[in-house]
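Q: This is target09.tsv (TSV, C-alpha atoms).
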```
chain	number	residue	atom	x	y	z
E	1255	MET	CA	0.00	0.00	0.00
E	1256	SER	CA	1.04	3.60	-0.47
E	1257	VAL	CA	0.21	6.76	1.46
E	1258	SER	CA	-0.36	8.42	-1.93
E	1259	GLU	CA	-3.88	6.95	-1.96
E	1260	TYR	CA	-5.50	9.92	-0.24
E	1261	ASP	CA	-9.10	8.92	-0.88
E	1262	ARG	CA	-9.17	5.77	1.23
E	1263	ILE	CA	-8.63	4.71	4.82
E	1264	ASP	CA	-6.21	1.81	4.51
E	1265	GLN	CA	-7.22	-0.03	7.69
E	1266	ILE	CA	-9.53	0.60	10.61
E	1267	PHE	CA	-9.75	-1.26	13.91
E	1268	VAL	CA	-10.20	-0.69	17.64
E	1269	SER	CA	-7.25	-0.81	20.04
E	1270	ARG	CA	-7.32	-2.54	23.40
E	1271	GLU	CA	-7.80	0.91	24.95
E	1272	GLY	CA	-11.05	1.31	23.01
E	1273	ARG	CA	-9.67	3.88	20.58
E	1274	LEU	CA	-10.53	3.82	16.90
E	1275	VAL	CA	-7.32	3.32	14.91
E	1276	LEU	CA	-7.06	4.76	11.41
E	1277	ALA	CA	-3.98	3.09	9.93
E	1278	MET	CA	-2.00	3.96	6.84
E	1279	SER	CA	0.81	1.88	5.35
E	1280	GLU	CA	3.81	3.21	3.43
E	1281	GLU	CA	5.72	0.51	1.54
E	1282	ARG	CA	8.04	3.00	-0.14
E	1283	SER	CA	11.32	3.86	1.57
E	1284	TYR	CA	11.87	7.19	3.29
E	1285	ARG	CA	15.56	6.75	2.43
E	1286	LEU	CA	14.98	7.47	-1.25
E	1287	GLU	CA	16.38	10.66	-2.76
E	1288	ASP	CA	12.87	11.84	-3.64
E	1289	ALA	CA	11.54	11.24	-0.12
E	1290	HIS	CA	10.15	14.79	-0.19
E	1291	LEU	CA	7.36	13.38	-2.40
E	1292	LEU	CA	6.45	10.98	0.38
E	1293	ASP	CA	6.30	13.95	2.77
E	1294	GLU	CA	3.67	15.66	0.65
E	1295	ASP	CA	1.71	12.42	0.25
E	1296	PHE	CA	1.67	11.99	4.03
E	1297	ARG	CA	0.52	15.59	4.53
E	1298	ASN	CA	-2.46	15.00	2.23
E	1299	LYS	CA	-3.25	11.61	3.74
E	1300	ILE	CA	-3.17	12.69	7.38
E	1301	ASN	CA	-5.31	15.73	6.58
E	1302	ALA	CA	-7.87	13.39	5.02
E	1303	TYR	CA	-7.78	11.18	8.13
E	1304	ILE	CA	-8.22	14.17	10.42
E	1305	GLU	CA	-11.20	15.29	8.36
E	1306	ALA	CA	-12.69	11.79	8.60
E	1307	ALA	CA	-12.30	11.86	12.39
E	1308	ARG	CA	-13.73	15.36	12.80
E	1309	THR	CA	-16.77	14.86	10.56
E	1310	GLY	CA	-17.73	11.55	12.15
E	1311	TYR	CA	-17.10	9.55	8.97
E	1312	ALA	CA	-14.47	7.40	10.68
E	1313	HIS	CA	-16.83	6.68	13.57
E	1314	ARG	CA	-19.55	5.60	11.12
E	1315	LEU	CA	-17.08	3.20	9.52
E	1316	GLY	CA	-16.30	1.85	12.97
E	1317	ASN	CA	-20.00	1.29	13.60
E	1318	GLU	CA	-20.21	-0.75	10.39
E	1319	TYR	CA	-17.54	-3.05	11.83
E	1320	GLY	CA	-19.61	-3.52	14.98
E	1321	VAL	CA	-17.76	-0.94	17.10
E	1322	THR	CA	-20.12	1.00	19.36
E	1323	GLU	CA	-17.88	2.36	22.12
E	1324	ILE	CA	-15.06	4.62	20.91
E	1325	SER	CA	-12.93	6.65	23.31
E	1326	GLY	CA	-10.89	8.54	20.71
E	1327	VAL	CA	-9.10	8.31	17.38
E	1328	ASP	CA	-5.49	7.30	16.74
E	1329	ILE	CA	-3.92	7.94	13.34
E	1330	VAL	CA	-1.04	5.50	12.82
E	1331	LEU	CA	1.58	5.42	10.08
E	1332	TYR	CA	3.19	2.00	9.50
E	1333	SER	CA	6.42	1.83	7.52
E	1334	ARG	CA	9.60	-0.24	7.33
E	1335	THR	CA	11.89	2.81	7.34
E	1336	LYS	CA	11.88	5.71	9.77
E	1337	PRO	CA	9.85	8.64	8.43
E	1338	SER	CA	11.50	11.92	7.54
E	1339	ASP	CA	11.77	14.79	10.00
E	1340	THR	CA	8.94	16.51	8.12
E	1341	VAL	CA	6.57	13.59	8.68
E	1342	LEU	CA	7.56	13.27	12.33
E	1343	ARG	CA	6.93	17.00	12.84
E	1344	LEU	CA	3.45	16.64	11.31
E	1345	ILE	CA	2.70	13.76	13.69
E	1346	SER	CA	3.93	15.83	16.64
E	1347	ARG	CA	1.79	18.76	15.53
E	1348	VAL	CA	-1.35	16.58	15.56
E	1349	ASN	CA	-0.59	15.56	19.14
E	1350	ASP	CA	0.09	19.16	20.17
E	1351	GLU	CA	-3.03	20.62	18.58
E	1352	LEU	CA	-5.70	17.91	18.42
E	1353	THR	CA	-5.33	15.83	21.58
E	1354	GLU	CA	-8.13	17.79	23.25
E	1355	GLU	CA	-10.40	16.73	20.36
E	1356	GLY	CA	-9.54	13.11	21.09
E	1357	ILE	CA	-7.28	12.76	18.04
E	1358	ARG	CA	-3.71	11.46	18.35
E	1359	ALA	CA	-1.05	10.32	15.87
E	1360	ARG	CA	2.05	8.13	15.91
E	1361	TRP	CA	4.46	6.14	13.76
E	1362	GLU	CA	5.05	2.40	14.19
E	1363	SER	CA	7.83	0.43	12.55
E	1364	ILE	CA	6.95	-2.73	10.63
E	1365	ALA	CA	10.58	-3.60	9.91
E	1366	SER	CA	11.13	-7.31	10.49
E	1367	GLU	CA	13.40	-6.71	13.48
E	1368	ASP	CA	10.80	-4.51	15.17
E	1369	VAL	CA	7.47	-6.10	14.38
E	1370	GLY	CA	5.88	-8.98	16.28
E	1371	ILE	CA	3.58	-11.78	15.16
E	1372	ASP	CA	0.59	-10.17	16.89
E	1373	VAL	CA	1.03	-6.97	14.88
E	1374	ILE	CA	1.04	-8.86	11.58
E	1375	GLU	CA	-1.97	-10.93	12.58
E	1376	ARG	CA	-3.83	-7.77	13.47
E	1377	ALA	CA	-3.01	-6.45	10.00
E	1378	LEU	CA	-4.20	-9.75	8.44
E	1379	VAL	CA	-7.53	-9.36	10.18
E	1380	ASN	CA	-7.84	-5.71	9.16
E	1381	GLU	CA	-7.16	-6.46	5.50
E	1382	SER	CA	-9.55	-9.42	5.54
E	1383	ILE	CA	-12.34	-7.28	6.97
E	1384	ARG	CA	-11.65	-4.58	4.41
E	1385	LEU	CA	-12.12	-7.17	1.67
E	1386	ILE	CA	-15.35	-8.71	2.98
E	1387	GLY	CA	-17.11	-5.45	3.85
E	1388	SER	CA	-19.58	-4.84	6.66
E	1389	ASP	CA	-22.19	-7.55	5.97
E	1390	TRP	CA	-20.67	-10.54	7.75
E	1391	LYS	CA	-21.42	-12.67	10.77
E	1392	ILE	CA	-18.35	-14.90	10.85
E	1393	ALA	CA	-15.37	-15.26	8.51
E	1394	LEU	CA	-12.53	-17.72	8.03
E	1395	MET	CA	-9.34	-16.56	6.33
E	1396	TRP	CA	-7.24	-19.49	5.08
E	1397	ALA	CA	-3.80	-19.68	3.51
E	1398	SER	CA	-1.49	-22.27	1.99
E	1399	LEU	CA	1.98	-20.92	1.17
E	1400	ILE	CA	4.45	-23.61	0.13
E	1401	GLY	CA	7.52	-22.94	-2.00
E	1402	ARG	CA	6.43	-20.72	-4.87
E	1403	ASP	CA	2.78	-21.72	-4.41
E	1404	GLY	CA	0.66	-19.13	-2.68
E	1405	ALA	CA	-3.09	-19.44	-2.20
E	1406	ALA	CA	-5.46	-17.77	0.22
E	1407	GLY	CA	-9.08	-16.79	0.53
E	1408	ILE	CA	-11.82	-15.83	2.94
E	1409	GLN	CA	-15.02	-17.83	3.49
E	1410	VAL	CA	-17.74	-15.52	4.78
E	1411	GLU	CA	-21.10	-16.18	6.38
E	1412	ARG	CA	-23.36	-13.18	5.78
E	1413	HIS	CA	-26.06	-12.06	8.21
E	1414	ASP	CA	-28.73	-13.70	6.02
E	1415	GLY	CA	-26.99	-17.07	6.39
E	1416	SER	CA	-25.52	-17.16	2.88
E	1417	ILE	CA	-21.93	-18.30	2.36
E	1418	VAL	CA	-19.59	-16.53	-0.05
E	1419	ASN	CA	-15.91	-16.88	-0.88
E	1420	VAL	CA	-13.76	-13.78	-1.25
E	1421	ARG	CA	-10.44	-13.80	-3.09
E	1422	ALA	CA	-7.31	-12.66	-1.30
E	1423	SER	CA	-5.86	-9.31	-2.30
E	1424	GLU	CA	-2.22	-8.79	-3.17
E	1425	GLY	CA	-1.87	-6.93	0.13
E	1426	LEU	CA	-3.20	-9.92	2.08
E	1427	LEU	CA	-0.76	-12.27	0.34
E	1428	ILE	CA	2.12	-9.92	1.14
E	1429	LEU	CA	1.11	-9.87	4.82
E	1430	LEU	CA	0.87	-13.66	4.87
E	1431	SER	CA	4.35	-13.98	3.38
E	1432	GLU	CA	5.71	-11.60	5.99
E	1433	HIS	CA	3.94	-13.51	8.77
E	1434	LYS	CA	5.41	-16.78	7.50
E	1435	ARG	CA	8.92	-15.31	7.38
E	1436	VAL	CA	8.74	-13.83	10.90
E	1437	PHE	CA	7.19	-17.08	12.19
E	1438	ALA	CA	10.19	-19.17	11.07
E	1439	ASN	CA	12.74	-20.69	13.45
E	1440	SER	CA	15.73	-22.98	12.97
E	1441	LEU	CA	14.14	-25.96	14.76
E	1442	ARG	CA	10.69	-26.22	13.23
E	1443	GLY	CA	11.03	-24.17	10.06
E	1444	THR	CA	7.81	-22.27	9.47
E	1445	TRP	CA	4.12	-22.86	8.86
E	1446	LEU	CA	2.74	-24.47	5.72
E	1447	THR	CA	-0.92	-23.57	6.10
E	1448	GLY	CA	-2.97	-21.37	8.38
E	1449	GLN	CA	-6.44	-20.18	9.33
E	1450	VAL	CA	-7.76	-17.11	11.13
E	1451	LEU	CA	-11.34	-17.28	12.44
E	1452	MET	CA	-12.98	-13.87	12.84
E	1453	LYS	CA	-16.17	-13.22	14.80
E	1454	ARG	CA	-15.66	-9.47	15.17
E	1455	ALA	CA	-12.88	-7.09	14.27
E	1456	ASP	CA	-11.56	-7.44	17.83
E	1457	ASN	CA	-12.47	-11.12	18.32
E	1458	TYR	CA	-10.41	-13.56	16.29
E	1459	SER	CA	-8.25	-16.65	16.73
E	1460	SER	CA	-5.47	-18.04	14.56
E	1461	GLN	CA	-4.04	-21.48	13.94
E	1462	PHE	CA	-0.98	-22.16	11.78
E	1463	SER	CA	0.30	-25.64	11.00
E	1464	TYR	CA	3.93	-26.71	10.52
E	1465	SER	CA	2.92	-30.10	9.16
E	1466	GLU	CA	-0.57	-30.33	7.67
E	1467	VAL	CA	-2.20	-29.35	4.37
E	1468	PRO	CA	-5.94	-30.05	4.65
E	1469	ASP	CA	-7.53	-31.84	1.70
E	1470	TRP	CA	-9.71	-28.83	0.87
E	1471	MET	CA	-6.69	-26.55	0.41
E	1472	PRO	CA	-4.56	-26.47	-2.77
E	1473	GLN	CA	-1.99	-29.28	-2.63
E	1474	PRO	CA	1.70	-28.47	-3.24
E	1475	THR	CA	3.75	-29.99	-6.04
E	1476	ASP	CA	6.92	-31.97	-5.28
E	1477	ASP	CA	9.03	-29.14	-6.69
E	1478	ASN	CA	7.42	-26.61	-4.38
E	1479	LEU	CA	7.92	-28.89	-1.40
E	1480	ARG	CA	11.63	-29.04	-2.22
E	1481	ILE	CA	11.77	-25.26	-2.56
E	1482	GLU	CA	9.89	-24.80	0.72
E	1483	PHE	CA	12.23	-26.95	2.79
E	1484	ALA	CA	15.28	-25.39	1.15
E	1485	MET	CA	14.01	-21.90	1.99
E	1486	TYR	CA	12.93	-22.81	5.51
E	1487	PRO	CA	15.01	-25.82	6.69
E	1488	ARG	CA	14.12	-27.58	9.93
E	1489	GLU	CA	15.46	-30.35	12.12
E	1490	ALA	CA	15.07	-33.83	10.61
E	1491	GLY	CA	12.62	-34.92	13.30
E	1492	GLU	CA	10.36	-31.98	12.47
E	1493	VAL	CA	9.90	-32.92	8.80
E	1494	PRO	CA	6.43	-34.50	8.32
E	1495	VAL	CA	6.38	-38.15	7.25
E	1496	TRP	CA	4.23	-37.37	4.21
E	1497	VAL	CA	6.84	-34.85	3.01
E	1498	ARG	CA	9.60	-37.47	3.31
E	1499	GLU	CA	7.47	-39.92	1.36
E	1500	ARG	CA	6.92	-37.35	-1.37
E	1501	ILE	CA	10.43	-35.92	-1.81
E	1502	GLY	CA	12.77	-38.05	0.30
E	1503	GLY	CA	15.20	-36.63	2.88
E	1504	THR	CA	15.56	-32.92	3.51
E	1505	GLN	CA	18.46	-31.11	5.04
E	1506	GLY	CA	17.81	-29.53	8.43
```
As a first step, turn the structure in this file into structure tokens.

A:
Amino acid sequence: MSVSEYDRIDQIFVSREGRLVLAMSEERSYRLEDAHLLDEDFRNKINAYIEAARTGYAHRLGNEYGVTEISGVDIVLYSRTKPSDTVLRLISRVNDELTEEGIRARWESIASEDVGIDVIERALVNESIRLIGSDWKIALMWASLIGRDGAAGIQVERHDGSIVNVRASEGLLILLSEHKRVFANSLRGTWLTGQVLMKRADNYSSQFSYSEVPDWMPQPTDDNLRIEFAMYPREAGEVPVWVRERIGGTQG
């Protein structure tokens, strides 16, 4: 995502403190020579977010997600590189001038060395809810990422009882790839498949498997299994039997 998209709120959710969070994501680097362009994009974007908070539009969006109690609004910039001094001054100005209106702002790093699994899962839920809209009772986001194979989707039960399937966006697949990478460790490798069950924006549970690929998910090819275990090696005892039967021994 890019902050240059002024006409949309990238993500919206409620923090544990009961504050409505309006999030924006900047995938471009603030270290580029033309970073001044990112400064102007941020200025336009944060002004649009402030307007959404002041007019009540953001609160109405929150209501659509089932949020009824809101104690304030936080505007959060997520990026992998530290914002420029100009952007940080704009964030500070919001806190100096708008705190009494219940509006605050901050920057949070999503660099791999700074971010935690819970932050990425929160982003997965936010993007899933953005894709399925407001008419949903329960939703299951599923993913199978093995080697170069990447598949994901969201099964949604609407309020009228109907079931629909929603395709994953490029942004959701990027978040899943990042989650998988951060999840990895030298003993167990990383997950092969995963599911996130959502009952509300602030009520969800996740389950990721190191060993199983359910029959109803896309099945990996032998080549992609080899690529997977070369990219994310694990101890020999942690390699599933079915993988050994398919491709033989793997190096851990």

Q: Report, in Å with one decimal, the straight-line distance from atom CA of Gly1316 of chain E to atom CA of Leu1276 of chain E.

A: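 According to the coordinates, atom CA of Gly1316 of chain E and atom CA of Leu1276 of chain E are separated by 9.8 Å.
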
Q: Hey, which of E:His1313, E:Arg1480, E:Arg1402, E:His1290 ends up closest to Pro1337 of chain E? Count all atoms listed in the file.

A: E:His1290

Q: Calculated over only C-alpha atoms, which of the candidates E:Asn1301, E:Val1379, E:Ala1289, E:Arg1334 has the smallest distance to Arg1347 of chain E?

A: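 Closest to Arg1347 of chain E of all the choices is E:Asn1301.
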
Q: Using only C-alpha atoms, find the one residue out of E:Val1495, E:Val1450, E:Val1467, E:Val1257 that sits nearest to Asn1298 of chain E.

A: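 Smallest separation from Asn1298 of chain E among the options: E:Val1257.
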
Q: Using only C-alpha atoms, which residue out of E:Arg1384, E:Met1278, E:Ala1393, E:Met1452 lies closest to Asp1261 of chain E?

A: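 Among E:Arg1384, E:Met1278, E:Ala1393, E:Met1452, it is E:Met1278 that comes nearest to Asp1261 of chain E.
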
Q: Just how far from atom CA of Phe1483 of chain E is atom CA of Glu1466 of chain E, in Å to one decimal?

A: 14.1 Å

Q: Looking at only C-alpha atoms, which of E:Asn1478, E:Thr1340, E:Asn1349, E:Asn1419 is the one that sits closest to Asp1328 of chain E?

A: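 Closest to Asp1328 of chain E, using only C-alpha atoms: E:Asn1349.
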
Q: Can you work out the spacing between atom CA of Leu1394 of chain E and atom CA of Gln1409 of chain E in Å, to one decimal?

A: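 Here the two named atoms are 5.2 Å from each other.
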
Q: Quick one: of E:Ala1406, E:Ile1263, E:Ala1302, E:Ile1374, who's nearest to Glu1432 of chain E, counting only C-alpha atoms?

A: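 For Glu1432 of chain E, the nearest of the given residues is E:Ile1374.
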
Q: Report as JSON the centre and the edge lengths, in Å to one decimal, of the axis-aligned box holding every listed atom of segment 1288-1295 of chain E, padded by 3 Å on each side.

A:
```
{"center_x": 7.3, "center_y": 13.3, "center_z": -0.4, "size_x": 17.2, "size_y": 10.7, "size_z": 12.4}
```

Q: Can you pull out the residues contacting Ser1398 of chain E? Cut-off 8 Å, using only C-alpha atoms, and skip same-chain residues under 2 positions away; I want them as a PyMOL selection string.

A: chain E and resi 1396+1400+1403-1406+1446-1448+1467+1471-1472

Q: Give me, as a JSON list (two decimals) with C-alpha atoms, in the coordinates of the input, all polymer residues having an atom no more than 12 Å from Leu1291 of chain E, counting only C-alpha atoms and skipping those fewer than 5 positions away in the same chain.

A:
```json
[["chain", "number", "residue", "atom", "x", "y", "z"],
["E", 1256, "SER", "CA", 1.04, 3.60, -0.47],
["E", 1257, "VAL", "CA", 0.21, 6.76, 1.46],
["E", 1258, "SER", "CA", -0.36, 8.42, -1.93],
["E", 1282, "ARG", "CA", 8.04, 3.00, -0.14],
["E", 1283, "SER", "CA", 11.32, 3.86, 1.57],
["E", 1284, "TYR", "CA", 11.87, 7.19, 3.29],
["E", 1285, "ARG", "CA", 15.56, 6.75, 2.43],
["E", 1286, "LEU", "CA", 14.98, 7.47, -1.25],
["E", 1296, "PHE", "CA", 1.67, 11.99, 4.03],
["E", 1297, "ARG", "CA", 0.52, 15.59, 4.53],
["E", 1298, "ASN", "CA", -2.46, 15.00, 2.23],
["E", 1338, "SER", "CA", 11.50, 11.92, 7.54],
["E", 1340, "THR", "CA", 8.94, 16.51, 8.12],
["E", 1341, "VAL", "CA", 6.57, 13.59, 8.68]]
```

Q: Hey, what's within 9 Å of Glu1362 of chain E if we count only C-alpha atoms and toss same-chain stuff fewer than 6 positions away? As an MDAnalysis selection string, please?

A: chainID E and resid 1330:1334 1336 1369

Q: Considering all atoms listed in the file, return as a tab-separated table (two decimals) with C-alpha atoms, keeping the file's coordinate frame whatever protein or nucleic-acid residues lie within 6 Å of Arg1273 of chain E, sequence-local ones (same chain, fewer than 2 positions apart) excluded.

A:
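Everything below was put into around-v3.tsv:
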```
chain	number	residue	atom	x	y	z
E	1268	VAL	CA	-10.20	-0.69	17.64
E	1269	SER	CA	-7.25	-0.81	20.04
E	1271	GLU	CA	-7.80	0.91	24.95
E	1324	ILE	CA	-15.06	4.62	20.91
E	1325	SER	CA	-12.93	6.65	23.31
E	1326	GLY	CA	-10.89	8.54	20.71
E	1327	VAL	CA	-9.10	8.31	17.38
```

Q: For Val1348 of chain E, list every protein, DNA or RNA residue within 10 Å, evaluated using only C-alpha atoms, and leave out those in the same chain fewer than 4 positions away; present the list as a list in words.

A: Ile1300, Asn1301, Ile1304, Ile1329, Arg1343, Leu1344, Leu1352, Thr1353, Ile1357, Arg1358, Ala1359 and Arg1360 of chain E
